[in-house]
$ cat run_32.pdb   # PDB, C-alpha atoms
MODEL        1
ATOM      1  CA  MET W   1       0.687 -13.524  -2.729
ATOM      2  CA  GLU W   2       1.722 -16.984  -1.560
ATOM      3  CA  LYS W   3      -0.841 -18.443   0.874
ATOM      4  CA  ALA W   4       1.718 -18.630   3.692
ATOM      5  CA  GLU W   5       2.245 -14.867   3.405
ATOM      6  CA  TYR W   6      -1.336 -14.138   4.465
ATOM      7  CA  HIS W   7      -0.698 -15.807   7.799
ATOM      8  CA  LYS W   8       2.468 -13.736   8.258
ATOM      9  CA  HIS W   9       0.554 -10.547   7.499
ATOM     10  CA  PHE W  10      -2.212 -11.451   9.928
ATOM     11  CA  GLU W  11       0.278 -12.189  12.708
ATOM     12  CA  LEU W  12       2.626  -9.226  12.168
ATOM     13  CA  GLU W  13       0.635  -6.434  10.506
ATOM     14  CA  GLU W  14      -0.158  -4.711  13.781
ATOM     15  CA  SER W  15       3.339  -4.729  15.317
ATOM     16  CA  PHE W  16       5.966  -5.122  12.571
ATOM     17  CA  TRP W  17       8.057  -1.978  12.059
ATOM     18  CA  TRP W  18       7.445  -1.664   8.321
ATOM     19  CA  PHE W  19       3.652  -1.794   8.611
ATOM     20  CA  ARG W  20       3.617   0.576  11.587
ATOM     21  CA  GLY W  21       5.921   2.993   9.789
ATOM     22  CA  ARG W  22       3.866   2.886   6.601
ATOM     23  CA  ARG W  23       0.737   3.756   8.592
ATOM     24  CA  LYS W  24       2.534   6.728  10.167
ATOM     25  CA  ILE W  25       3.541   7.965   6.715
ATOM     26  CA  LEU W  26       0.040   7.414   5.295
ATOM     27  CA  PHE W  27      -1.517   9.512   8.028
ATOM     28  CA  SER W  28       1.186  12.140   7.678
ATOM     29  CA  LEU W  29       0.249  12.499   4.019
ATOM     30  CA  LEU W  30      -3.428  12.821   4.885
ATOM     31  CA  ARG W  31      -2.694  15.453   7.524
ATOM     32  CA  SER W  32      -0.699  17.441   4.979
ATOM     33  CA  LEU W  33      -4.045  18.392   3.412
ATOM     34  CA  GLY W  34      -4.737  20.599   6.415
ATOM     35  CA  THR W  35      -8.482  19.918   6.233
ATOM     36  CA  PRO W  36     -10.861  17.790   8.374
ATOM     37  CA  LEU W  37     -11.043  14.149   7.239
ATOM     38  CA  VAL W  38     -14.277  13.001   8.880
ATOM     39  CA  PRO W  39     -16.744  11.643   8.144
ATOM     40  CA  LEU W  40     -15.527   9.616   5.155
ATOM     41  CA  VAL W  41     -16.991   6.471   3.611
ATOM     42  CA  TRP W  42     -13.811   4.547   2.790
ATOM     43  CA  LEU W  43     -12.956   1.683   0.420
ATOM     44  CA  ASP W  44      -9.810  -0.351   1.073
ATOM     45  CA  ALA W  45      -9.409  -2.073  -2.306
ATOM     46  CA  GLY W  46      -7.220  -5.150  -2.060
ATOM     47  CA  CYS W  47      -7.648  -5.118   1.711
ATOM     48  CA  GLY W  48      -5.537  -8.208   2.409
ATOM     49  CA  THR W  49      -5.949  -9.479   5.972
ATOM     50  CA  GLY W  50      -7.859  -6.365   6.977
ATOM     51  CA  PHE W  51      -5.856  -4.536   9.624
ATOM     52  CA  ASN W  52      -5.844  -1.322   7.610
ATOM     53  CA  MET W  53      -9.634  -1.373   7.589
ATOM     54  CA  THR W  54      -9.523  -1.069  11.374
ATOM     55  CA  VAL W  55      -7.024   1.806  11.049
ATOM     56  CA  PHE W  56      -9.301   3.785   8.724
ATOM     57  CA  ALA W  57     -12.410   3.118  10.850
ATOM     58  CA  PRO W  58     -12.121   6.405  12.860
ATOM     59  CA  PHE W  59     -12.814   8.295   9.614
ATOM     60  CA  GLY W  60     -16.185   6.600   9.107
ATOM     61  CA  PRO W  61     -17.610   3.384   7.558
ATOM     62  CA  VAL W  62     -14.934   1.235   5.874
ATOM     63  CA  PHE W  63     -15.577  -1.298   3.113
ATOM     64  CA  GLY W  64     -12.992  -3.815   1.984
ATOM     65  CA  CYS W  65     -12.580  -6.126  -0.966
ATOM     66  CA  ASP W  66      -9.997  -8.685  -1.986
ATOM     67  CA  TYR W  67      -9.919 -11.451  -4.563
ATOM     68  CA  SER W  68      -8.261 -13.898  -2.176
ATOM     69  CA  GLU W  69     -10.599 -16.000  -0.048
ATOM     70  CA  GLU W  70      -7.659 -16.650   2.322
ATOM     71  CA  ALA W  71      -7.302 -12.895   2.892
ATOM     72  CA  LEU W  72     -11.019 -12.452   3.515
ATOM     73  CA  ALA W  73     -11.029 -15.320   6.018
ATOM     74  CA  PHE W  74      -8.429 -13.441   8.071
ATOM     75  CA  CYS W  75     -10.540 -10.268   7.766
ATOM     76  CA  ARG W  76     -13.473 -12.152   9.275
ATOM     77  CA  LYS W  77     -11.228 -13.307  12.134
ATOM     78  CA  ARG W  78     -10.774  -9.608  12.914
ATOM     79  CA  GLY W  79     -14.548  -9.263  13.081
ATOM     80  CA  LEU W  80     -14.793  -7.178   9.921
ATOM     81  CA  LYS W  81     -18.150  -7.176   8.138
ATOM     82  CA  LYS W  82     -18.284  -4.872   5.086
ATOM     83  CA  LEU W  83     -16.376  -7.271   2.841
ATOM     84  CA  ALA W  84     -16.628  -8.419  -0.751
ATOM     85  CA  ARG W  85     -14.691 -10.956  -2.772
ATOM     86  CA  ALA W  86     -13.782  -8.939  -5.822
ATOM     87  CA  ASP W  87     -11.079  -8.115  -8.327
ATOM     88  CA  VAL W  88      -9.967  -4.485  -7.904
ATOM     89  CA  GLN W  89     -10.144  -4.180 -11.701
ATOM     90  CA  ARG W  90     -13.918  -4.859 -11.540
ATOM     91  CA  LEU W  91     -15.176  -3.359  -8.316
ATOM     92  CA  PRO W  92     -18.736  -4.367  -7.301
ATOM     93  CA  TYR W  93     -19.754  -0.885  -6.132
ATOM     94  CA  LYS W  94     -21.926   1.830  -7.643
ATOM     95  CA  ASP W  95     -20.479   4.987  -9.154
ATOM     96  CA  GLY W  96     -19.703   7.662  -6.581
ATOM     97  CA  SER W  97     -20.082   5.375  -3.551
ATOM     98  CA  PHE W  98     -17.018   6.500  -1.575
ATOM     99  CA  ASP W  99     -15.373   9.635  -0.220
ATOM    100  CA  ALA W 100     -11.938   7.989  -0.141
ATOM    101  CA  ALA W 101     -10.187   4.815  -1.248
ATOM    102  CA  SER W 102      -6.850   3.126  -0.657
ATOM    103  CA  LEU W 103      -4.694   0.812  -2.771
ATOM    104  CA  LEU W 104      -1.953  -0.258  -0.396
ATOM    105  CA  ASP W 105       0.676  -2.338  -2.179
ATOM    106  CA  VAL W 106      -1.923  -3.557  -4.658
ATOM    107  CA  LEU W 107      -1.238  -2.024  -8.084
ATOM    108  CA  TYR W 108       2.059  -3.890  -8.510
ATOM    109  CA  HIS W 109       0.380  -7.307  -8.284
ATOM    110  CA  LYS W 110       0.865  -9.674 -11.221
ATOM    111  CA  ASN W 111      -2.895 -10.180 -11.569
ATOM    112  CA  ILE W 112      -3.413  -6.480 -12.249
ATOM    113  CA  PHE W 113      -3.217  -6.755 -16.021
ATOM    114  CA  ASP W 114      -3.908  -3.058 -16.668
ATOM    115  CA  ASP W 115      -3.089  -0.780 -13.744
ATOM    116  CA  VAL W 116      -4.549   2.308 -15.457
ATOM    117  CA  ALA W 117      -7.850   0.463 -15.940
ATOM    118  CA  ALA W 118      -7.784  -0.516 -12.249
ATOM    119  CA  LEU W 119      -7.238   3.121 -11.276
ATOM    120  CA  LYS W 120     -10.109   4.161 -13.558
ATOM    121  CA  ASP W 121     -12.438   1.733 -11.820
ATOM    122  CA  VAL W 122     -11.471   3.113  -8.397
ATOM    123  CA  HIS W 123     -12.011   6.596  -9.881
ATOM    124  CA  ARG W 124     -15.527   5.531 -10.907
ATOM    125  CA  THR W 125     -16.453   4.510  -7.370
ATOM    126  CA  LEU W 126     -15.286   7.800  -5.834
ATOM    127  CA  LYS W 127     -17.390  10.905  -5.398
ATOM    128  CA  PRO W 128     -16.178  14.084  -7.184
ATOM    129  CA  GLY W 129     -13.187  15.340  -5.209
ATOM    130  CA  GLY W 130     -12.757  11.944  -3.534
ATOM    131  CA  LEU W 131      -9.321  11.006  -2.199
ATOM    132  CA  LEU W 132      -7.117   8.088  -3.232
ATOM    133  CA  LEU W 133      -4.249   6.905  -1.042
ATOM    134  CA  ILE W 134      -1.628   4.632  -2.634
ATOM    135  CA  SER W 135       1.469   2.848  -1.429
ATOM    136  CA  ASP W 136       3.565   0.567  -3.603
ATOM    137  CA  SER W 137       7.035  -0.816  -4.233
ATOM    138  CA  ALA W 138       9.660   1.300  -5.974
ATOM    139  CA  PHE W 139      12.575   0.705  -8.364
ATOM    140  CA  ASN W 140      12.792  -2.510 -10.395
ATOM    141  CA  VAL W 141      16.454  -2.820  -9.429
ATOM    142  CA  LEU W 142      15.226  -4.001  -6.004
ATOM    143  CA  GLN W 143      13.303  -6.996  -7.351
ATOM    144  CA  SER W 144      13.999 -10.114  -5.294
ATOM    145  CA  ARG W 145      12.558 -13.306  -3.821
ATOM    146  CA  HIS W 146      10.342 -11.041  -1.738
ATOM    147  CA  ASP W 147       8.634  -9.816  -4.915
ATOM    148  CA  LEU W 148       8.082 -13.393  -6.028
ATOM    149  CA  ALA W 149       6.483 -14.263  -2.682
ATOM    150  CA  VAL W 150       4.024 -11.372  -2.850
ATOM    151  CA  HIS W 151       3.385 -11.920  -6.589
ATOM    152  CA  ALA W 152       4.741  -8.557  -7.706
ATOM    153  CA  ARG W 153       4.594  -7.667 -11.397
ATOM    154  CA  GLU W 154       6.759  -4.549 -11.255
ATOM    155  CA  ARG W 155       8.045  -1.804  -8.999
ATOM    156  CA  TYR W 156       7.187   1.820  -9.809
ATOM    157  CA  ARG W 157       9.007   5.091 -10.259
ATOM    158  CA  LYS W 158       7.367   8.392  -9.365
ATOM    159  CA  LYS W 159       7.004   9.651 -12.918
ATOM    160  CA  ASP W 160       5.367   6.387 -14.060
ATOM    161  CA  LEU W 161       2.824   6.358 -11.251
ATOM    162  CA  ARG W 162       2.012  10.039 -11.799
ATOM    163  CA  GLN W 163       1.355   9.443 -15.505
ATOM    164  CA  LYS W 164      -0.924   6.498 -14.777
ATOM    165  CA  LEU W 165      -2.914   8.448 -12.191
ATOM    166  CA  GLU W 166      -3.364  11.400 -14.528
ATOM    167  CA  LYS W 167      -4.534   9.077 -17.335
ATOM    168  CA  ALA W 168      -7.123   7.680 -14.932
ATOM    169  CA  GLY W 169      -8.484  11.157 -14.145
ATOM    170  CA  PHE W 170      -6.749  11.933 -10.860
ATOM    171  CA  GLN W 171      -4.952  15.044  -9.704
ATOM    172  CA  VAL W 172      -1.784  14.112  -7.809
ATOM    173  CA  LEU W 173      -1.634  16.087  -4.557
ATOM    174  CA  ARG W 174       1.448  14.451  -3.016
ATOM    175  CA  LEU W 175       3.866  11.848  -4.359
ATOM    176  CA  SER W 176       6.944  10.762  -2.436
ATOM    177  CA  TYR W 177       9.296   7.872  -1.955
ATOM    178  CA  TYR W 178       9.728   6.461   1.543
ATOM    179  CA  ASN W 179      12.122   4.117   3.302
ATOM    180  CA  PHE W 180      14.560   6.850   2.296
ATOM    181  CA  PHE W 181      17.185   6.366   5.015
ATOM    182  CA  LEU W 182      17.224   2.576   4.737
ATOM    183  CA  PHE W 183      17.362   2.567   0.931
ATOM    184  CA  PRO W 184      21.200   2.247   0.635
ATOM    185  CA  PHE W 185      21.181  -0.765   2.968
ATOM    186  CA  ILE W 186      18.269  -2.387   1.125
ATOM    187  CA  PHE W 187      20.019  -1.830  -2.209
ATOM    188  CA  MET W 188      23.250  -3.412  -0.946
ATOM    189  CA  PHE W 189      21.340  -6.333   0.559
ATOM    190  CA  ARG W 190      19.579  -7.026  -2.755
ATOM    191  CA  LEU W 191      22.852  -6.710  -4.647
ATOM    192  CA  THR W 192      24.528  -9.154  -2.260
ATOM    193  CA  GLU W 193      21.652 -11.596  -2.733
ATOM    194  CA  ARG W 194      22.216 -11.547  -6.483
ATOM    195  CA  ILE W 195      25.979 -11.947  -6.229
ATOM    196  CA  ARG W 196      25.547 -14.938  -3.935
ATOM    197  CA  GLY W 197      23.013 -16.427  -6.336
ATOM    198  CA  ALA W 198      19.994 -16.401  -4.045
ATOM    199  CA  LYS W 199      17.389 -18.885  -5.216
ATOM    200  CA  LYS W 200      15.135 -16.739  -7.375
ATOM    201  CA  ASN W 201      12.759 -19.648  -7.801
ATOM    202  CA  ALA W 202      12.181 -19.961  -4.051
ATOM    203  CA  PRO W 203       9.740 -17.170  -3.107
ATOM    204  CA  GLU W 204      10.347 -15.848   0.391
ATOM    205  CA  SER W 205       9.220 -12.483   1.721
ATOM    206  CA  ASP W 206      11.162 -10.203   4.054
ATOM    207  CA  LEU W 207       8.324 -10.346   6.566
ATOM    208  CA  LYS W 208       9.831 -11.968   9.646
ATOM    209  CA  ALA W 209       9.593 -11.111  13.314
ATOM    210  CA  VAL W 210      12.610  -9.157  14.581
ATOM    211  CA  PRO W 211      13.806  -8.513  18.142
ATOM    212  CA  ARG W 212      11.864  -5.858  20.014
ATOM    213  CA  LEU W 213      14.705  -3.324  20.153
ATOM    214  CA  ALA W 214      15.459  -3.666  16.443
ATOM    215  CA  ASN W 215      11.761  -3.421  15.627
ATOM    216  CA  GLY W 216      11.495  -0.217  17.664
ATOM    217  CA  PHE W 217      14.621   1.285  16.111
ATOM    218  CA  LEU W 218      13.500   0.608  12.538
ATOM    219  CA  PHE W 219      10.039   1.941  13.293
ATOM    220  CA  GLY W 220      11.652   5.084  14.698
ATOM    221  CA  ILE W 221      13.380   5.704  11.371
ATOM    222  CA  LEU W 222      10.079   5.558   9.479
ATOM    223  CA  LYS W 223       8.386   7.635  12.170
ATOM    224  CA  PHE W 224      10.953  10.358  11.488
ATOM    225  CA  GLU W 225      10.278  10.015   7.759
ATOM    226  CA  ALA W 226       6.598  10.558   8.510
ATOM    227  CA  LEU W 227       7.462  13.936  10.005
ATOM    228  CA  LEU W 228       9.446  14.803   6.891
ATOM    229  CA  THR W 229       6.805  13.661   4.396
ATOM    230  CA  LYS W 230       4.223  15.886   6.028
ATOM    231  CA  LYS W 231       6.199  18.798   4.543
ATOM    232  CA  ILE W 232       8.379  17.482   1.706
ATOM    233  CA  ASN W 233       8.565  14.723  -0.910
ATOM    234  CA  LEU W 234      11.573  12.450  -0.436
ATOM    235  CA  PRO W 235      13.774  11.922  -3.525
ATOM    236  CA  TRP W 236      14.242   8.141  -3.277
ATOM    237  CA  GLY W 237      13.287   5.112  -1.231
ATOM    238  CA  SER W 238      12.294   1.473  -1.581
ATOM    239  CA  SER W 239       8.582   2.334  -1.656
ATOM    240  CA  LEU W 240       6.218   4.998  -2.947
ATOM    241  CA  ILE W 241       3.386   6.856  -1.248
ATOM    242  CA  CYS W 242       0.806   8.970  -3.047
ATOM    243  CA  LEU W 243      -2.251  11.058  -2.270
ATOM    244  CA  ALA W 244      -4.478  11.957  -5.223
ATOM    245  CA  ARG W 245      -7.903  13.471  -5.766
ATOM    246  CA  LYS W 246     -10.626  12.669  -8.270
ATOM    247  CA  ILE W 247     -10.918  15.716 -10.487
ATOM    248  CA  PRO W 248     -14.507  16.989 -10.073
TER     249      PRO W 248
ENDMDL
END

$ encode --input "run_32.pdb" --output "structure tokens"
Amino acid sequence: MEKAEYHKHFELEESFWWFRGRRKILFSLLRSLGTPLVPLVWLDAGCGTGFNMTVFAPFGPVFGCDYSEEALAFCRKRGLKKLARADVQRLPYKDGSFDAASLLDVLYHKNIFDDVAALKDVHRTLKPGGLLLISDSAFNVLQSRHDLAVHARERYRKKDLRQKLEKAGFQVLRLSYYNFFLFPFIFMFRLTERIRGAKKNAPESDLKAVPRLANGFLFGILKFEALLTKKINLPWGSSLICLARKIP
């Protein structure tokens, strides 16, 4: 992503409604397994500025890697230690090192030249039966300046992500869209941007501080979605969430 975006992530990742809501939905998906989740040795591949590493820490030891030195510098500011500068397509870990891994808004990146190969390398590092948690952007129709700012290559549909995971040797346990209730508003906003001729060559993400009440309201919507996704898969949304298992 653009260097300025790392600073935004570092400043807002803990409090911004979208990040908080995504974490709620991630944990809802994990709880849907109905089995104990500790202890787990966890890999956050493409860890960005590192806040998710702190979120997964209650499960057990958490390792993180990212190709961006800017991202890793912010991780160190958080006091994180188990870090590596690495491309997620060539992970510097031994086979079967981890019980679980996460790829949170990573696969869509323009520097992932072969997303199936990247998934296969994560598969290699997992123990038999190991879990993989994925979030990513959905529906190419929503491409915008935001995607340019975060260096997105594409946005996924459920069937495409499922096929890629199965090719890489994973069993898909849960696969759902999220940001379901806000999707119509996001779609109209993107459409309006295009009609008005928004500057496609001026990358700018949607990550901006919002008033406290608005932040709480938007978080509440995703918190409700987290309750839903514990039981059902939502039929559309601006993002995807997936829980898969390495086939033993």

$ resolve_selection --input "run_32.pdb" --expression "the PyMOL selection byres ((chain W and resi 65-69) around 6)" --output "list in words"
Ala45, Gly46, Cys47, Gly64, Glu70, Ala71, Leu72, Leu83, Ala84, Arg85, Ala86 and Asp87 of chain W

$ atom_distance --input "run_32.pdb" --atom1 "CA of Val210 (chain W)" --atom2 "CA of Gly21 (chain W)"
14.7 Å

$ residues_around --input "run_32.pdb" --residues "Phe51 (chain W)" --least-positions-apart "3" --cutoff "7 Å" --atoms "only C-alpha atoms" --output "number ranges by chain"
W: 13, 54-55

$ residues_around --input "run_32.pdb" --residues "Asp114 (chain W)" --least-positions-apart "6" --cutoff "12 Å" --atoms "all atoms listed in the file" --output "list in words"
Val88, Gln89, Arg90, Leu107, Tyr108, Lys120, Asp121, Arg153, Lys164 and Ala168 of chain W

$ atom_distance --input "run_32.pdb" --atom1 "CA of Ser144 (chain W)" --atom2 "CA of Ile112 (chain W)"
19.1 Å

$ residues_around --input "run_32.pdb" --residues "Arg157 (chain W)" --least-positions-apart "4" --cutoff "7 Å" --atoms "all atoms listed in the file" --output "MDAnalysis selection string"
chainID W and resid 138:139 161

$ atom_distance --input "run_32.pdb" --atom1 "CA of Gly237 (chain W)" --atom2 "CA of Ala117 (chain W)"
26.2 Å

$ closest_residue --input "run_32.pdb" --among "W:Gly96, W:Pro203, W:Gly79, W:Pro61" --to "Lys3 (chain W)" --atoms "all atoms listed in the file"
W:Pro203

$ residues_around --input "run_32.pdb" --residues "Leu243 (chain W)" --least-positions-apart "5" --cutoff "6 Å" --atoms "all atoms listed in the file" --output "list in words"
Leu132, Leu133, Leu173 and Arg174 of chain W

$ closest_residue --input "run_32.pdb" --among "W:Pro211, W:Gly169, W:Pro128, W:Pro184" --to "Phe16 (chain W)" --atoms "all atoms listed in the file"
W:Pro211

$ resolve_selection --input "run_32.pdb" --expression "the PyMOL selection byres ((chain W and resi 143) around 10)" --output "list in words"
Ser137, Ala138, Phe139, Asn140, Val141, Leu142, Ser144, Arg145, His146, Asp147, Leu148, Ala152, Arg153, Glu154, Arg155, Phe187, Arg190, Leu191 and Lys200 of chain W

$ write_last_selection --input "run_32.pdb" --atoms "C-alpha atoms" --output "mmCIF file, keeping the file's coordinate frame"
data_model
loop_
_atom_site.group_PDB
_atom_site.id
_atom_site.type_symbol
_atom_site.label_atom_id
_atom_site.label_comp_id
_atom_site.auth_asym_id
_atom_site.auth_seq_id
_atom_site.Cartn_x
_atom_site.Cartn_y
_atom_site.Cartn_z
ATOM 1 C CA SER W 137 7.035 -0.816 -4.233
ATOM 2 C CA ALA W 138 9.660 1.300 -5.974
ATOM 3 C CA PHE W 139 12.575 0.705 -8.364
ATOM 4 C CA ASN W 140 12.792 -2.510 -10.395
ATOM 5 C CA VAL W 141 16.454 -2.820 -9.429
ATOM 6 C CA LEU W 142 15.226 -4.001 -6.004
ATOM 7 C CA SER W 144 13.999 -10.114 -5.294
ATOM 8 C CA ARG W 145 12.558 -13.306 -3.821
ATOM 9 C CA HIS W 146 10.342 -11.041 -1.738
ATOM 10 C CA ASP W 147 8.634 -9.816 -4.915
ATOM 11 C CA LEU W 148 8.082 -13.393 -6.028
ATOM 12 C CA ALA W 152 4.741 -8.557 -7.706
ATOM 13 C CA ARG W 153 4.594 -7.667 -11.397
ATOM 14 C CA GLU W 154 6.759 -4.549 -11.255
ATOM 15 C CA ARG W 155 8.045 -1.804 -8.999
ATOM 16 C CA PHE W 187 20.019 -1.830 -2.209
ATOM 17 C CA ARG W 190 19.579 -7.026 -2.755
ATOM 18 C CA LEU W 191 22.852 -6.710 -4.647
ATOM 19 C CA LYS W 200 15.135 -16.739 -7.375
#

$ build_atoms --input "run_32.pdb" --residues "region 45-70 of chain W" --atoms "N, CA and C atoms" --output "JSON list (two decimals), keeping the file's coordinate frame"
[["chain", "number", "residue", "atom", "x", "y", "z"],
["W", 45, "ALA", "N", -9.38, -1.14, -1.18],
["W", 45, "ALA", "CA", -9.41, -2.07, -2.31],
["W", 45, "ALA", "C", -8.16, -2.94, -2.28],
["W", 46, "GLY", "N", -8.35, -4.25, -2.27],
["W", 46, "GLY", "CA", -7.22, -5.15, -2.06],
["W", 46, "GLY", "C", -6.83, -5.13, -0.59],
["W", 47, "CYS", "N", -7.81, -5.36, 0.26],
["W", 47, "CYS", "CA", -7.65, -5.12, 1.71],
["W", 47, "CYS", "C", -6.77, -6.13, 2.42],
["W", 48, "GLY", "N", -6.39, -7.23, 1.75],
["W", 48, "GLY", "CA", -5.54, -8.21, 2.41],
["W", 48, "GLY", "C", -6.19, -8.77, 3.66],
["W", 49, "THR", "N", -5.43, -8.88, 4.74],
["W", 49, "THR", "CA", -5.95, -9.48, 5.97],
["W", 49, "THR", "C", -6.71, -8.49, 6.85],
["W", 50, "GLY", "N", -6.86, -7.25, 6.40],
["W", 50, "GLY", "CA", -7.86, -6.36, 6.98],
["W", 50, "GLY", "C", -7.45, -5.40, 8.07],
["W", 51, "PHE", "N", -6.19, -5.42, 8.51],
["W", 51, "PHE", "CA", -5.86, -4.54, 9.62],
["W", 51, "PHE", "C", -6.00, -3.07, 9.25],
["W", 52, "ASN", "N", -5.71, -2.73, 8.00],
["W", 52, "ASN", "CA", -5.84, -1.32, 7.61],
["W", 52, "ASN", "C", -7.29, -0.85, 7.64],
["W", 53, "MET", "N", -8.23, -1.76, 7.46],
["W", 53, "MET", "CA", -9.63, -1.37, 7.59],
["W", 53, "MET", "C", -9.93, -0.87, 9.00],
["W", 54, "THR", "N", -9.32, -1.52, 9.99],
["W", 54, "THR", "CA", -9.52, -1.07, 11.37],
["W", 54, "THR", "C", -8.85, 0.28, 11.61],
["W", 55, "VAL", "N", -7.75, 0.54, 10.91],
["W", 55, "VAL", "CA", -7.02, 1.81, 11.05],
["W", 55, "VAL", "C", -7.82, 2.97, 10.47],
["W", 56, "PHE", "N", -8.52, 2.73, 9.35],
["W", 56, "PHE", "CA", -9.30, 3.78, 8.72],
["W", 56, "PHE", "C", -10.67, 3.98, 9.37],
["W", 57, "ALA", "N", -11.08, 3.08, 10.25],
["W", 57, "ALA", "CA", -12.41, 3.12, 10.85],
["W", 57, "ALA", "C", -12.74, 4.44, 11.56],
["W", 58, "PRO", "N", -11.77, 5.13, 12.23],
["W", 58, "PRO", "CA", -12.12, 6.40, 12.86],
["W", 58, "PRO", "C", -12.63, 7.47, 11.88],
["W", 59, "PHE", "N", -12.33, 7.32, 10.59],
["W", 59, "PHE", "CA", -12.81, 8.30, 9.61],
["W", 59, "PHE", "C", -14.29, 8.11, 9.29],
["W", 60, "GLY", "N", -14.81, 6.90, 9.47],
["W", 60, "GLY", "CA", -16.18, 6.60, 9.11],
["W", 60, "GLY", "C", -16.31, 5.15, 8.66],
["W", 61, "PRO", "N", -17.41, 4.77, 8.01],
["W", 61, "PRO", "CA", -17.61, 3.38, 7.56],
["W", 61, "PRO", "C", -16.52, 2.97, 6.57],
["W", 62, "VAL", "N", -16.00, 1.74, 6.74],
["W", 62, "VAL", "CA", -14.93, 1.24, 5.87],
["W", 62, "VAL", "C", -15.39, -0.07, 5.21],
["W", 63, "PHE", "N", -15.28, -0.10, 3.89],
["W", 63, "PHE", "CA", -15.58, -1.30, 3.11],
["W", 63, "PHE", "C", -14.26, -1.86, 2.60],
["W", 64, "GLY", "N", -14.21, -3.18, 2.48],
["W", 64, "GLY", "CA", -12.99, -3.82, 1.98],
["W", 64, "GLY", "C", -13.31, -4.88, 0.97],
["W", 65, "CYS", "N", -12.42, -5.03, 0.00],
["W", 65, "CYS", "CA", -12.58, -6.13, -0.97],
["W", 65, "CYS", "C", -11.21, -6.71, -1.29],
["W", 66, "ASP", "N", -11.22, -7.99, -1.58],
["W", 66, "ASP", "CA", -10.00, -8.68, -1.99],
["W", 66, "ASP", "C", -10.42, -9.91, -2.79],
["W", 67, "TYR", "N", -9.58, -10.29, -3.74],
["W", 67, "TYR", "CA", -9.92, -11.45, -4.56],
["W", 67, "TYR", "C", -9.59, -12.76, -3.85],
["W", 68, "SER", "N", -8.71, -12.69, -2.87],
["W", 68, "SER", "CA", -8.26, -13.90, -2.18],
["W", 68, "SER", "C", -9.22, -14.29, -1.06],
["W", 69, "GLU", "N", -9.73, -15.51, -1.12],
["W", 69, "GLU", "CA", -10.60, -16.00, -0.05],
["W", 69, "GLU", "C", -9.80, -16.18, 1.24],
["W", 70, "GLU", "N", -8.50, -16.53, 1.12],
["W", 70, "GLU", "CA", -7.66, -16.65, 2.32],
["W", 70, "GLU", "C", -7.57, -15.31, 3.05]]
